[in-house]
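Visitor: Okay, so here is final.pdb, and as you'll see once you scroll down, it has PDB, C-alpha atoms.
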```
MODEL        1
ATOM      1  CA  MET A 143     -42.232 -48.850  13.749
ATOM      2  CA  GLU A 144     -39.889 -51.846  13.783
ATOM      3  CA  PHE A 145     -39.497 -54.489  16.482
ATOM      4  CA  ASP A 146     -36.682 -57.043  16.475
ATOM      5  CA  VAL A 147     -37.374 -59.844  18.953
ATOM      6  CA  PHE A 148     -34.631 -62.262  20.024
ATOM      7  CA  THR A 149     -36.000 -65.436  21.551
ATOM      8  CA  LEU A 150     -35.533 -69.176  22.021
ATOM      9  CA  LEU A 151     -39.249 -69.755  21.353
ATOM     10  CA  PRO A 152     -40.110 -67.978  18.089
ATOM     11  CA  GLU A 153     -43.222 -70.086  17.553
ATOM     12  CA  VAL A 154     -45.146 -68.443  20.422
ATOM     13  CA  PHE A 155     -45.328 -65.016  18.753
ATOM     14  CA  LEU A 156     -47.150 -65.482  15.454
ATOM     15  CA  PRO A 157     -50.547 -66.639  16.812
ATOM     16  CA  TYR A 158     -50.909 -63.357  18.703
ATOM     17  CA  LEU A 159     -49.298 -61.133  16.066
ATOM     18  CA  ASN A 160     -51.599 -62.623  13.401
ATOM     19  CA  SER A 161     -54.729 -61.620  15.303
ATOM     20  CA  SER A 162     -56.895 -58.523  15.581
ATOM     21  CA  ILE A 163     -55.377 -55.039  15.810
ATOM     22  CA  LEU A 164     -51.724 -56.058  15.557
ATOM     23  CA  HIS A 165     -52.456 -58.186  12.497
ATOM     24  CA  ARG A 166     -54.110 -55.248  10.728
ATOM     25  CA  ALA A 167     -51.273 -52.931  11.769
ATOM     26  CA  ARG A 168     -48.736 -55.329  10.257
ATOM     27  CA  GLN A 169     -50.746 -55.674   7.062
ATOM     28  CA  ARG A 170     -50.873 -51.898   6.678
ATOM     29  CA  GLY A 171     -47.158 -51.527   7.315
ATOM     30  CA  LEU A 172     -47.586 -49.529  10.512
ATOM     31  CA  ILE A 173     -45.493 -52.020  12.486
ATOM     32  CA  ASP A 174     -42.944 -54.600  11.401
ATOM     33  CA  VAL A 175     -42.195 -57.368  13.903
ATOM     34  CA  ARG A 176     -39.233 -59.578  13.077
ATOM     35  CA  ILE A 177     -38.677 -62.689  15.200
ATOM     36  CA  HIS A 178     -35.106 -64.005  15.485
ATOM     37  CA  ASN A 179     -34.314 -67.450  16.891
ATOM     38  CA  ILE A 180     -31.204 -67.112  19.070
ATOM     39  CA  ARG A 181     -30.418 -70.805  18.447
ATOM     40  CA  ASP A 182     -29.601 -69.957  14.837
ATOM     41  CA  TRP A 183     -26.472 -68.188  16.091
ATOM     42  CA  ALA A 184     -25.244 -70.962  18.400
ATOM     43  CA  ALA A 185     -21.860 -72.128  17.109
ATOM     44  CA  ASP A 186     -22.021 -75.834  18.049
ATOM     45  CA  LYS A 187     -23.854 -78.511  16.067
ATOM     46  CA  HIS A 188     -26.486 -78.981  18.791
ATOM     47  CA  HIS A 189     -27.325 -75.252  18.908
ATOM     48  CA  VAL A 190     -26.766 -75.037  22.659
ATOM     49  CA  THR A 191     -27.725 -71.654  24.120
ATOM     50  CA  ASP A 192     -27.430 -72.340  27.857
ATOM     51  CA  ASP A 193     -24.918 -73.730  30.328
ATOM     52  CA  GLU A 194     -24.450 -74.362  34.047
ATOM     53  CA  PRO A 195     -23.681 -71.287  36.162
ATOM     54  CA  TYR A 196     -20.148 -70.701  37.372
ATOM     55  CA  GLY A 197     -20.009 -71.141  41.128
ATOM     56  CA  GLY A 198     -22.733 -73.765  41.138
ATOM     57  CA  GLY A 199     -26.411 -73.445  41.943
ATOM     58  CA  GLY A 200     -29.660 -74.513  40.338
ATOM     59  CA  GLY A 201     -30.891 -73.727  36.865
ATOM     60  CA  MET A 202     -29.157 -72.887  33.620
ATOM     61  CA  VAL A 203     -27.884 -69.564  32.262
ATOM     62  CA  MET A 204     -28.243 -68.198  28.729
ATOM     63  CA  LYS A 205     -24.817 -68.108  27.081
ATOM     64  CA  VAL A 206     -23.275 -64.816  26.067
ATOM     65  CA  GLU A 207     -21.964 -65.769  22.592
ATOM     66  CA  PRO A 208     -25.205 -66.644  20.752
ATOM     67  CA  VAL A 209     -27.083 -63.657  22.169
ATOM     68  CA  PHE A 210     -24.338 -61.226  21.162
ATOM     69  CA  ALA A 211     -24.015 -62.882  17.750
ATOM     70  CA  ALA A 212     -27.768 -62.696  17.121
ATOM     71  CA  VAL A 213     -28.161 -59.046  18.109
ATOM     72  CA  GLU A 214     -25.015 -57.862  16.334
ATOM     73  CA  SER A 215     -25.946 -59.767  13.201
ATOM     74  CA  VAL A 216     -29.201 -57.813  13.029
ATOM     75  CA  LEU A 217     -28.216 -54.412  14.466
ATOM     76  CA  GLY A 218     -24.526 -54.291  13.653
ATOM     77  CA  PRO A 219     -21.455 -54.532  15.928
ATOM     78  CA  PHE A 220     -21.545 -52.860  19.316
ATOM     79  CA  PRO A 221     -18.717 -50.804  20.800
ATOM     80  CA  CYS A 222     -16.962 -52.504  23.669
ATOM     81  CA  GLY A 223     -14.492 -51.670  26.414
ATOM     82  CA  ASP A 224     -14.565 -49.742  29.658
ATOM     83  CA  ASP A 225     -14.790 -46.366  27.954
ATOM     84  CA  ILE A 226     -18.362 -46.843  26.705
ATOM     85  CA  ASP A 227     -20.636 -43.910  27.466
ATOM     86  CA  ARG A 228     -23.705 -45.851  28.608
ATOM     87  CA  LEU A 229     -25.996 -42.845  28.132
ATOM     88  CA  THR A 230     -24.854 -42.413  24.540
ATOM     89  CA  LEU A 231     -25.108 -46.152  24.045
ATOM     90  CA  SER A 232     -28.690 -46.171  25.296
ATOM     91  CA  ARG A 233     -29.595 -43.600  22.673
ATOM     92  CA  CYS A 234     -27.677 -45.196  19.832
ATOM     93  CA  PRO A 235     -26.303 -48.634  20.766
ATOM     94  CA  THR A 236     -24.923 -49.334  17.283
ATOM     95  CA  GLY A 237     -22.524 -46.420  17.667
ATOM     96  CA  ARG A 238     -23.857 -44.811  14.498
ATOM     97  CA  ALA A 239     -24.973 -41.211  14.260
ATOM     98  CA  THR A 240     -28.141 -41.530  12.180
ATOM     99  CA  PRO A 241     -31.498 -41.663  14.023
ATOM    100  CA  GLU A 242     -32.569 -44.697  11.971
ATOM    101  CA  ALA A 243     -29.711 -46.725  13.439
ATOM    102  CA  CYS A 244     -30.478 -45.808  17.030
ATOM    103  CA  CYS A 245     -32.275 -48.729  18.600
ATOM    104  CA  PRO A 246     -32.671 -49.414  22.324
ATOM    105  CA  VAL A 247     -31.822 -53.011  23.207
ATOM    106  CA  ILE A 248     -34.228 -54.093  25.934
ATOM    107  CA  LEU A 249     -33.871 -57.165  28.114
ATOM    108  CA  LEU A 250     -37.168 -58.473  29.489
ATOM    109  CA  THR A 251     -36.323 -59.391  33.073
ATOM    110  CA  PRO A 252     -37.875 -59.258  36.572
ATOM    111  CA  GLN A 253     -34.930 -57.037  37.549
ATOM    112  CA  GLY A 254     -35.885 -54.230  35.149
ATOM    113  CA  ARG A 255     -37.871 -51.058  35.665
ATOM    114  CA  VAL A 256     -41.570 -51.839  35.868
ATOM    115  CA  PHE A 257     -43.384 -51.240  32.578
ATOM    116  CA  SER A 258     -46.047 -48.547  32.526
ATOM    117  CA  GLN A 259     -48.017 -46.418  30.095
ATOM    118  CA  LYS A 260     -45.433 -43.672  30.616
ATOM    119  CA  ILE A 261     -42.639 -46.000  29.495
ATOM    120  CA  ALA A 262     -44.725 -47.106  26.496
ATOM    121  CA  MET A 263     -45.063 -43.455  25.482
ATOM    122  CA  GLU A 264     -41.311 -43.037  25.899
ATOM    123  CA  LEU A 265     -40.430 -46.070  23.780
ATOM    124  CA  VAL A 266     -42.836 -45.293  20.935
ATOM    125  CA  GLN A 267     -40.642 -42.280  20.128
ATOM    126  CA  HIS A 268     -38.025 -44.673  18.747
ATOM    127  CA  PRO A 269     -38.372 -45.914  15.166
ATOM    128  CA  ARG A 270     -36.964 -49.297  16.162
ATOM    129  CA  LEU A 271     -36.729 -51.458  19.294
ATOM    130  CA  ALA A 272     -34.840 -54.672  19.983
ATOM    131  CA  LEU A 273     -36.284 -57.008  22.621
ATOM    132  CA  ILE A 274     -34.276 -59.842  24.184
ATOM    133  CA  CYS A 275     -36.368 -62.532  25.862
ATOM    134  CA  GLY A 276     -34.634 -63.984  28.888
ATOM    135  CA  ARG A 277     -35.023 -67.669  29.669
ATOM    136  CA  TYR A 278     -33.906 -70.297  32.179
ATOM    137  CA  GLU A 279     -32.332 -68.907  35.372
ATOM    138  CA  GLY A 280     -31.316 -65.730  33.563
ATOM    139  CA  VAL A 281     -28.689 -64.400  31.158
ATOM    140  CA  ASP A 282     -24.924 -64.178  31.419
ATOM    141  CA  GLU A 283     -24.239 -60.874  33.196
ATOM    142  CA  ARG A 284     -22.019 -59.700  30.322
ATOM    143  CA  ILE A 285     -25.142 -59.428  28.178
ATOM    144  CA  ARG A 286     -26.642 -57.096  30.754
ATOM    145  CA  GLU A 287     -23.450 -55.080  31.146
ATOM    146  CA  HIS A 288     -22.253 -54.727  27.542
ATOM    147  CA  LEU A 289     -25.158 -55.358  25.166
ATOM    148  CA  VAL A 290     -28.405 -54.324  26.801
ATOM    149  CA  THR A 291     -29.289 -50.627  27.081
ATOM    150  CA  ASP A 292     -32.501 -51.004  29.085
ATOM    151  CA  GLU A 293     -34.170 -53.622  31.288
ATOM    152  CA  ILE A 294     -37.929 -53.878  31.673
ATOM    153  CA  SER A 295     -40.164 -55.958  33.935
ATOM    154  CA  ILE A 296     -43.941 -56.301  33.587
ATOM    155  CA  GLY A 297     -44.474 -56.768  37.316
ATOM    156  CA  ASP A 298     -43.234 -58.199  40.561
ATOM    157  CA  TYR A 299     -43.644 -61.857  39.724
ATOM    158  CA  VAL A 300     -41.624 -64.455  37.820
ATOM    159  CA  LEU A 301     -42.494 -66.020  34.449
ATOM    160  CA  THR A 302     -40.751 -68.846  32.620
ATOM    161  CA  GLY A 303     -39.400 -66.463  30.003
ATOM    162  CA  GLY A 304     -39.529 -63.034  28.411
ATOM    163  CA  GLU A 305     -41.784 -63.928  25.488
ATOM    164  CA  LEU A 306     -45.066 -62.840  27.091
ATOM    165  CA  PRO A 307     -43.526 -59.572  28.362
ATOM    166  CA  ALA A 308     -42.184 -58.894  24.856
ATOM    167  CA  LEU A 309     -45.665 -59.319  23.394
ATOM    168  CA  ILE A 310     -47.059 -56.996  26.058
ATOM    169  CA  LEU A 311     -44.561 -54.292  25.110
ATOM    170  CA  ILE A 312     -45.289 -54.696  21.399
ATOM    171  CA  ASP A 313     -49.035 -54.480  22.012
ATOM    172  CA  ALA A 314     -48.945 -51.498  24.385
ATOM    173  CA  ILE A 315     -46.481 -49.524  22.258
ATOM    174  CA  SER A 316     -48.194 -50.291  18.943
ATOM    175  CA  ARG A 317     -51.500 -48.894  20.218
ATOM    176  CA  LEU A 318     -49.817 -45.495  20.497
ATOM    177  CA  ILE A 319     -48.783 -45.404  16.834
ATOM    178  CA  PRO A 320     -51.104 -43.184  14.767
ATOM    179  CA  GLY A 321     -53.427 -45.286  12.622
ATOM    180  CA  VAL A 322     -53.120 -48.542  14.554
ATOM    181  CA  LEU A 323     -56.409 -48.026  16.394
ATOM    182  CA  GLY A 324     -59.601 -47.272  14.505
ATOM    183  CA  ASP A 325     -60.384 -44.355  16.816
ATOM    184  CA  PRO A 326     -57.600 -41.746  16.510
ATOM    185  CA  ASP A 327     -58.209 -40.696  20.127
ATOM    186  CA  GLY A 328     -58.731 -44.230  21.435
ATOM    187  CA  ALA A 329     -55.295 -44.653  22.960
ATOM    188  CA  MET A 330     -55.608 -41.411  24.894
ATOM    189  CA  ASP A 331     -58.897 -42.543  26.454
ATOM    190  CA  ASP A 332     -57.472 -45.802  27.788
ATOM    191  CA  SER A 333     -56.821 -46.390  31.454
ATOM    192  CA  HIS A 334     -53.440 -44.937  32.533
ATOM    193  CA  ALA A 335     -53.053 -42.867  29.340
ATOM    194  CA  ALA A 336     -53.933 -39.695  31.272
ATOM    195  CA  GLY A 337     -52.723 -41.008  34.612
ATOM    196  CA  LEU A 338     -56.195 -42.165  35.673
ATOM    197  CA  LEU A 339     -58.332 -45.269  35.322
ATOM    198  CA  GLU A 340     -60.832 -45.201  32.492
ATOM    199  CA  TYR A 341     -64.504 -44.344  32.927
ATOM    200  CA  PRO A 342     -67.263 -47.024  32.591
ATOM    201  CA  HIS A 343     -68.426 -48.093  29.129
ATOM    202  CA  TYR A 344     -71.883 -49.207  27.971
ATOM    203  CA  THR A 345     -73.372 -50.385  24.688
ATOM    204  CA  ARG A 346     -76.659 -51.842  23.403
ATOM    205  CA  PRO A 347     -79.121 -52.934  24.708
ATOM    206  CA  PRO A 348     -80.113 -49.950  26.869
ATOM    207  CA  GLU A 349     -81.539 -52.334  29.484
ATOM    208  CA  TYR A 350     -80.545 -55.866  30.445
ATOM    209  CA  ARG A 351     -82.121 -57.847  33.298
ATOM    210  CA  GLY A 352     -83.353 -54.609  34.772
ATOM    211  CA  TRP A 353     -79.908 -52.981  34.661
ATOM    212  CA  GLY A 354     -80.016 -49.756  32.715
ATOM    213  CA  VAL A 355     -77.513 -47.413  31.111
ATOM    214  CA  PRO A 356     -76.906 -44.014  32.761
ATOM    215  CA  GLU A 357     -79.372 -41.598  31.199
ATOM    216  CA  ILE A 358     -76.713 -39.010  30.501
ATOM    217  CA  LEU A 359     -75.045 -41.346  27.985
ATOM    218  CA  LEU A 360     -78.308 -41.456  26.024
ATOM    219  CA  SER A 361     -78.856 -37.701  26.147
ATOM    220  CA  GLY A 362     -76.739 -36.708  23.148
ATOM    221  CA  ASP A 363     -75.286 -33.811  25.170
ATOM    222  CA  HIS A 364     -71.582 -34.363  24.512
ATOM    223  CA  ALA A 365     -70.366 -31.680  26.899
ATOM    224  CA  LYS A 366     -72.279 -33.241  29.798
ATOM    225  CA  ILE A 367     -71.144 -36.722  28.752
ATOM    226  CA  GLU A 368     -67.489 -35.666  28.809
ATOM    227  CA  LYS A 369     -67.968 -34.084  32.227
ATOM    228  CA  TRP A 370     -69.650 -37.263  33.521
ATOM    229  CA  ARG A 371     -66.887 -39.463  32.122
ATOM    230  CA  ARG A 372     -64.191 -37.355  33.745
ATOM    231  CA  GLU A 373     -65.952 -37.532  37.098
ATOM    232  CA  GLN A 374     -66.386 -41.288  36.783
ATOM    233  CA  SER A 375     -62.713 -41.674  35.920
ATOM    234  CA  LEU A 376     -61.727 -39.677  38.997
ATOM    235  CA  ARG A 377     -64.202 -41.600  41.152
ATOM    236  CA  ARG A 378     -62.928 -44.986  39.985
ATOM    237  CA  THR A 379     -59.270 -44.018  40.401
ATOM    238  CA  LEU A 380     -59.907 -42.680  43.902
ATOM    239  CA  LYS A 381     -61.593 -45.937  44.881
ATOM    240  CA  ARG A 382     -59.283 -48.444  43.203
ATOM    241  CA  ARG A 383     -55.880 -46.805  42.629
ATOM    242  CA  LEU A 384     -55.396 -43.946  45.054
ATOM    243  CA  ASP A 385     -51.659 -44.025  44.306
ATOM    244  CA  LEU A 386     -52.250 -42.824  40.724
ATOM    245  CA  LEU A 387     -53.741 -39.547  41.911
ATOM    246  CA  GLU A 388     -50.414 -38.535  43.437
ATOM    247  CA  SER A 389     -48.832 -38.075  39.992
ATOM    248  CA  ALA A 390     -51.866 -37.579  37.719
ATOM    249  CA  PRO A 391     -52.177 -34.162  36.026
ATOM    250  CA  LEU A 392     -55.245 -32.766  37.799
ATOM    251  CA  SER A 393     -57.001 -29.487  37.080
ATOM    252  CA  GLU A 394     -58.580 -27.309  39.734
ATOM    253  CA  THR A 395     -61.957 -28.637  38.613
ATOM    254  CA  ASP A 396     -60.702 -32.204  39.075
ATOM    255  CA  ARG A 397     -59.619 -31.412  42.618
ATOM    256  CA  LYS A 398     -63.021 -29.954  43.426
ATOM    257  CA  VAL A 399     -64.699 -33.081  42.050
ATOM    258  CA  LEU A 400     -62.446 -35.297  44.148
ATOM    259  CA  LYS A 401     -63.200 -33.270  47.260
ATOM    260  CA  LYS A 402     -66.922 -33.616  46.554
ATOM    261  CA  ILE A 403     -66.594 -37.393  46.104
ATOM    262  CA  GLN A 404     -64.650 -37.718  49.359
ATOM    263  CA  GLU A 405     -67.251 -35.688  51.226
ATOM    264  CA  GLU A 406     -69.978 -37.941  49.820
ATOM    265  CA  GLY A 407     -68.118 -40.933  51.244
ATOM    266  CA  GLU A 408     -67.780 -39.328  54.662
ATOM    267  CA  ASN A 409     -71.490 -38.480  54.789
ATOM    268  CA  SER A 410     -72.745 -41.843  53.565
TER     269      SER A 410
ENDMDL
END
```
Rewrite the structure from the file as structure tokens, please.

Guide:
Amino acid sequence: MEFDVFTLLPEVFLPYLNSSILHRARQRGLIDVRIHNIRDWAADKHHVTDDEPYGGGGGMVMKVEPVFAAVESVLGPFPCGDDIDRLTLSRCPTGRATPEACCPVILLTPQGRVFSQKIAMELVQHPRLALICGRYEGVDERIREHLVTDEISIGDYVLTGGELPALILIDAISRLIPGVLGDPDGAMDDSHAAGLLEYPHYTRPPEYRGWGVPEILLSGDHAKIEKWRREQSLRRTLKRRLDLLESAPLSETDRKVLKKIQEEGENS
């Protein structure tokens, strides 16, 4: 899978991309992350990429020309005009028909839809993603209206730029690519992958400071272990993220387990 990242701070990406799982995934050719410095497309000799907002107010705004020039230089020219079909554009922003050319252009912004495991699973279906890292007070609205096909936020708080959110998307999406994780089923066991929080984990030693490991995990009975893990996942989600249960795919057995857990709480 290919990621094209457009940023004013290219130096912040490599330390993370050159570490651990993402580093191995890049070495094996499972992901290709290309970092593009938007300043390289600024037309003036000082490589200015921001300016004061029209109408006054605090802060600076990212200029439209260098962002458009950077993205179009990498992805090709975008269609323009009032007759753009935004749905078609979101599927294939370059205006080309081949699947390889279809590349969502995502702006990392607090105004976007909030990132989730479901969105990660949606985006991993694309062979290529372009990520634009916002900076300063924001971007010229014409970038949002005529270049970007999606806007994503990582939460209801404000950061100094979109670089950290871009890394979060790359990490979360890459984990879903077959071969990136050592365990082929690892991504599906993670919290949120199945709509629930993950069950507790333990490893050696079997006892530490008098705190032991649940006996069932040492039993070797894989069927009972899976049943225990599912119950623990349901128990933890019920306690910590009740909202997730509203949309999680629950079986009839799951519902019976939840009812049992709730009754235990009422009787305790």

Visitor: I need the output of the PyMOL selection byres ((chain A and resi 318) around 9) for this file as an MDAnalysis selection string; which residues are they?

Guide: chainID A and resid 262:263 266 314:317 319:323 329:330

Visitor: How far is it from atom CA of A:His165 to atom CA of A:Met143, in Å with one decimal?

Guide: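 For atom CA of A:His165 relative to atom CA of A:Met143, the distance reads 13.9 Å.
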
Visitor: For a cutoff of 12 Å around the file-coordinate point (-23.4, -74.2, 19.8), which residues qualify once you count all atoms listed in the file? I'd like the result as an MDAnalysis selection string.

Guide: chainID A and resid 180:193 204:209 211

Visitor: Nearest to A:Thr395 among A:Arg372, A:His178, A:His343, A:Arg286, with distances taken over only C-alpha atoms: which residue is it?

Guide: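 For A:Thr395, the nearest of the given residues is A:Arg372.
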
Visitor: Would you compute the distance between atom CA of A:Pro152 and atom CA of A:Leu164? Give it in Å to one decimal.

Guide: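 Straight-line distance from atom CA of A:Pro152 to atom CA of A:Leu164 works out to 16.8 Å.
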
Visitor: If we count only C-alpha atoms, what is near A:Lys401 at a cut-off of 12 Å, once residues fewer than 4 positions away on the same chain are taken out, given as a list in words?

Guide: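 Non-adjacent residues within range: Glu373, Leu376, Arg377, Leu380, Glu394, Thr395, Asp396, Arg397, Glu405, Glu406, Gly407 and Glu408 of chain A.
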
Visitor: When you count all atoms listed in the file, which of these residues is closest to A:Ile163: A:Ile312, A:Val300, A:Leu384, A:Ala390?

Guide: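 Looking at the shortest contact to A:Ile163, the residue is A:Ile312.
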
Visitor: Quick one: apply the PyMOL selection byres ((chain A and resi 370) around 12) to the file and drop the selected residues here as a list in words.

Guide: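 Residues picked by the PyMOL selection byres ((chain A and resi 370) around 12): Glu340, Tyr341, Pro342, His343, Pro356, Glu357, Ile358, Leu359, Ser361, Asp363, His364, Ala365, Lys366, Ile367, Glu368, Lys369, Arg371, Arg372, Glu373, Gln374, Ser375, Leu376, Arg377, Asp396 and Val399 of chain A.
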